Amino acid sequence: MMSDEFDMPEMDFFVTPHKGWTVELVEEALDQALAASPCVATRAAFGKSHEGRAIELVEIGSGPIRVCAWSQMHGDEQTFTAVCLNLLRLLASQPQREVMAEILAGCRLSLIPMLNPDGAARQSRFNALGIDLNRDARRLASSESQLLHRLISERKPTFAFNLHNQSHRRWMPDGERCVSMALLVPPATPGNESTPSTIAAERVASHIIGAVDSVCESRVTRYGADYMPRAFGEWVQSTGASTVLLEAGGWPGDDVAALEHCCLQALIAGLHAIATDSYGDIPCDAYRQLPRCHEEESFDQLIVDAIAYGKDDEEYRRIDLGINRPNLSIRHPQPGGGVIADIGDLADHPRTSVLDAEGLLCLPGRTACLPAEELLGERRQEAIDKLLLAGVTTVLVIMDASPDDLAEKIDAIIDDERPDLDIGLVARFPELTKAERIAIESVPEEVLAVFPQSLPVPDVLEMPRTLIDWMTKTDAWVELVVGLKSCTTLKRGDVANLVLLPPPTSDQSPPEDLRYVLVGGTVVADGGEIVQRGAGRWLTRR
């Protein structure tokens, strides 16, 4: 019988790419995974997605127990795609190892590494038709759902693994640690009655919990879902196939490889218990006693005890700000992109990182204008650093251009790297003829707005002389000409471009001594020093 933790060999493991898996990358990885022993598995195009992308099926093992598994039926849930590829590489390259040999001898595994390639191409949960495949088990309105239904109907598996990601922001009940894995045995009936298939699945789930408990320091919960008649887990369970839902979560420090390692341990443990028929002796207690996660999802960044500015003679007030980065199912350490998710008394809320802002005034970051020449050549970094340390988090680059040289000017400024603050390009043209105005309608998306040279640009490069200047100086021009709303208040949904500083003595006092500057919720300046690069975005009209 397999020990609680599988002794993972030295191997060149696949890790989810920075921009996620695509069907092309999965095909290349399958080539590598099976290269060591290509005859050990059969691999074929099982069908096509709505947009014609291949959906591959790999079958491996010669055992009597049929097992089906599928990953990435939600296109943005990518952890188990890497896990499946690593499992196949282990089985193909090291079939003589005891655990691998027993899995191959006991199971015949039918595996779809990527069920929703159209969604993966969009980094979207849904397929190309906007359908959630995991809510399409009843109507089978999508071609991908039909393929999964066909797989289960034809293979008639004894066991099945439904492989997903849940939000990385779900935390353990104590609110101190992220959940790294959640398990669920989907109910076979609306009343959640025990059946032979659910009991067997609970035993396998209990074995998995024992195998990963030490790997992830007990960061395991029970997935919080009730019976859903249109979900695939419930339908597969109702066919008599003992089905286990595995949901990858988060990992301290956003360590993608460590999370995938843990999930690989889980899948190997489950398959080994099935292949050796050892799950029958395992009590269901470990699964049934799993705690549910914390009722509130965590914030990626929490600012506590800040002071908000009160307009119209309102008093200053204490607030906490909860900030979240884009909610991707698999996160990579990448700064910026955060928005204000909540405002209020949030001090006890789960959070990944906390910034103590006691006694500091919180203001929106400033928007400034800059001639394009300042972002070219050696002066670029110096200009950006000067802006950041002055509390500027969005800069509008003013380009004097003509329709003929606009693309060249854009290429001279924009590069492939993320900028250090939010940068938008604005084109300023001479007075145009009617024909030229028509040509301008096809301006690239990299340009936020076009306006005539006769319209003056405000000088907003100097530090505001008063607090009121900070709050109001650029708003009218920016919104009128560029269409970019410059925040004067702190609201849910706003980009978390913020400045924290000691409050001035009055509205007529100049803001001084900027303590922190945040771009997209990431601290980029601390005490007058730049501490983080690449937190900004190239703004487009989209």
# chains A, B, ... in the order shown; residues from 1 in each chain; ligands from 1
call {"tool": "residues_around", "arguments": {"residues": "region 361-367 of chain A", "least_positions_apart": "2", "cutoff": "6 Å", "atoms": "only C-alpha atoms", "output": "number ranges by chain"}}
result
A: 306-308, 391-395, 497-503
call {"tool": "residues_around", "arguments": {"residues": "Glu529 (chain A)", "least_positions_apart": "4", "cutoff": "12 Å", "atoms": "only C-alpha atoms", "output": "MDAnalysis selection string"}}
result
chainID A and resid 385:386 388:390 513:517 523:525 533
call {"tool": "closest_residue", "arguments": {"among": "A:Ser238, A:Asn86, A:Ser402, A:Ser509", "to": "Pro9 (chain A)", "atoms": "only C-alpha atoms"}}
result
A:Asn86
call {"tool": "select_by_dssp", "arguments": {"residues": "region 306-406 of chain A", "states": "alpha helix (DSSP H)", "output": "PyMOL selection string"}}
result
chain A and resi 379-389+406
call {"tool": "write_last_selection", "arguments": {"atoms": "all heavy atoms", "output": "compact mmCIF listing (two decimals), in the first residue's frame"}}
result
# COMPACT_ATOMS: atom_id res chain seq x y z
N ARG A 379 16.02 59.53 -20.51
CA ARG A 379 15.27 60.28 -19.50
C ARG A 379 14.01 59.56 -19.03
O ARG A 379 13.36 60.01 -18.09
CB ARG A 379 14.89 61.65 -20.06
CG ARG A 379 16.08 62.57 -20.31
CD ARG A 379 15.62 63.92 -20.81
NE ARG A 379 14.96 63.82 -22.12
CZ ARG A 379 14.43 64.85 -22.76
NH1 ARG A 379 14.46 66.05 -22.20
NH2 ARG A 379 13.88 64.70 -23.95
N ARG A 380 13.67 58.46 -19.67
CA ARG A 380 12.39 57.81 -19.40
C ARG A 380 12.25 57.39 -17.93
O ARG A 380 11.29 57.76 -17.27
CB ARG A 380 12.22 56.61 -20.32
CG ARG A 380 10.99 55.77 -20.02
CD ARG A 380 10.82 54.71 -21.07
NE ARG A 380 9.66 53.87 -20.82
CZ ARG A 380 9.04 53.20 -21.76
NH1 ARG A 380 9.44 53.27 -23.01
NH2 ARG A 380 8.00 52.45 -21.47
N GLN A 381 13.19 56.58 -17.44
CA GLN A 381 13.07 56.08 -16.08
C GLN A 381 13.12 57.20 -15.05
O GLN A 381 12.40 57.19 -14.06
CB GLN A 381 14.16 55.05 -15.79
CG GLN A 381 13.87 54.18 -14.57
CD GLN A 381 12.60 53.38 -14.71
OE1 GLN A 381 12.47 52.57 -15.62
NE2 GLN A 381 11.64 53.61 -13.83
N GLU A 382 13.96 58.18 -15.30
CA GLU A 382 14.04 59.32 -14.39
C GLU A 382 12.71 60.05 -14.32
O GLU A 382 12.25 60.44 -13.23
CB GLU A 382 15.15 60.26 -14.85
CG GLU A 382 15.31 61.49 -13.97
CD GLU A 382 16.38 62.43 -14.50
OE1 GLU A 382 17.12 62.05 -15.44
OE2 GLU A 382 16.47 63.58 -14.00
N ALA A 383 12.07 60.25 -15.47
CA ALA A 383 10.79 60.94 -15.49
C ALA A 383 9.71 60.15 -14.76
O ALA A 383 8.91 60.71 -13.99
CB ALA A 383 10.37 61.20 -16.94
N ILE A 384 9.67 58.84 -14.99
CA ILE A 384 8.65 58.01 -14.34
C ILE A 384 8.86 57.98 -12.84
O ILE A 384 7.90 58.08 -12.06
CB ILE A 384 8.67 56.59 -14.94
CG1 ILE A 384 8.09 56.63 -16.36
CG2 ILE A 384 7.91 55.61 -14.06
CD1 ILE A 384 8.13 55.30 -17.07
N ASP A 385 10.10 57.84 -12.39
CA ASP A 385 10.36 57.82 -10.95
C ASP A 385 9.96 59.14 -10.30
O ASP A 385 9.40 59.16 -9.19
CB ASP A 385 11.84 57.54 -10.69
CG ASP A 385 12.23 56.10 -11.00
OD1 ASP A 385 11.31 55.31 -11.36
OD2 ASP A 385 13.41 55.76 -10.90
N LYS A 386 10.23 60.24 -10.97
CA LYS A 386 9.85 61.54 -10.43
C LYS A 386 8.34 61.64 -10.28
O LYS A 386 7.83 62.14 -9.27
CB LYS A 386 10.37 62.66 -11.35
CG LYS A 386 9.98 64.05 -10.90
CD LYS A 386 10.49 65.11 -11.88
CE LYS A 386 10.03 66.51 -11.47
NZ LYS A 386 10.50 67.53 -12.44
N LEU A 387 7.61 61.14 -11.26
CA LEU A 387 6.15 61.16 -11.20
C LEU A 387 5.64 60.30 -10.04
O LEU A 387 4.78 60.71 -9.28
CB LEU A 387 5.56 60.69 -12.52
CG LEU A 387 5.75 61.63 -13.72
CD1 LEU A 387 5.39 60.91 -15.01
CD2 LEU A 387 4.91 62.89 -13.57
N LEU A 388 6.15 59.07 -9.93
CA LEU A 388 5.69 58.18 -8.86
C LEU A 388 5.93 58.79 -7.48
O LEU A 388 5.05 58.76 -6.61
CB LEU A 388 6.41 56.83 -8.96
CG LEU A 388 5.91 55.85 -10.01
CD1 LEU A 388 6.82 54.64 -10.08
CD2 LEU A 388 4.47 55.42 -9.71
N LEU A 389 7.10 59.34 -7.27
CA LEU A 389 7.42 59.90 -5.96
C LEU A 389 6.63 61.18 -5.68
O LEU A 389 6.58 61.64 -4.53
CB LEU A 389 8.92 60.17 -5.86
CG LEU A 389 9.79 58.90 -5.90
CD1 LEU A 389 11.27 59.27 -5.87
CD2 LEU A 389 9.44 57.96 -4.75
N LEU A 406 1.68 58.28 -36.75
CA LEU A 406 1.14 57.91 -35.44
C LEU A 406 1.66 56.54 -35.00
O LEU A 406 2.11 56.37 -33.86
CB LEU A 406 -0.38 57.92 -35.47
CG LEU A 406 -1.08 57.61 -34.15
CD1 LEU A 406 -0.64 58.58 -33.06
CD2 LEU A 406 -2.60 57.65 -34.31
call {"tool": "select_by_dssp", "arguments": {"residues": "region 156-301 of chain A", "states": "strand (DSSP E or B)", "output": "list in words"}}
result
Phe159, Ala160, Phe161, Asn162, Leu163, His164, Asn165, Trp171, Cys178, Met181, Ala182, Leu183, Leu184, Val220, Thr221, Arg222, Ser242, Thr243, Val244, Leu245, Leu246, Glu247, Ala248, Phe299, Asp300 and Gln301 of chain A
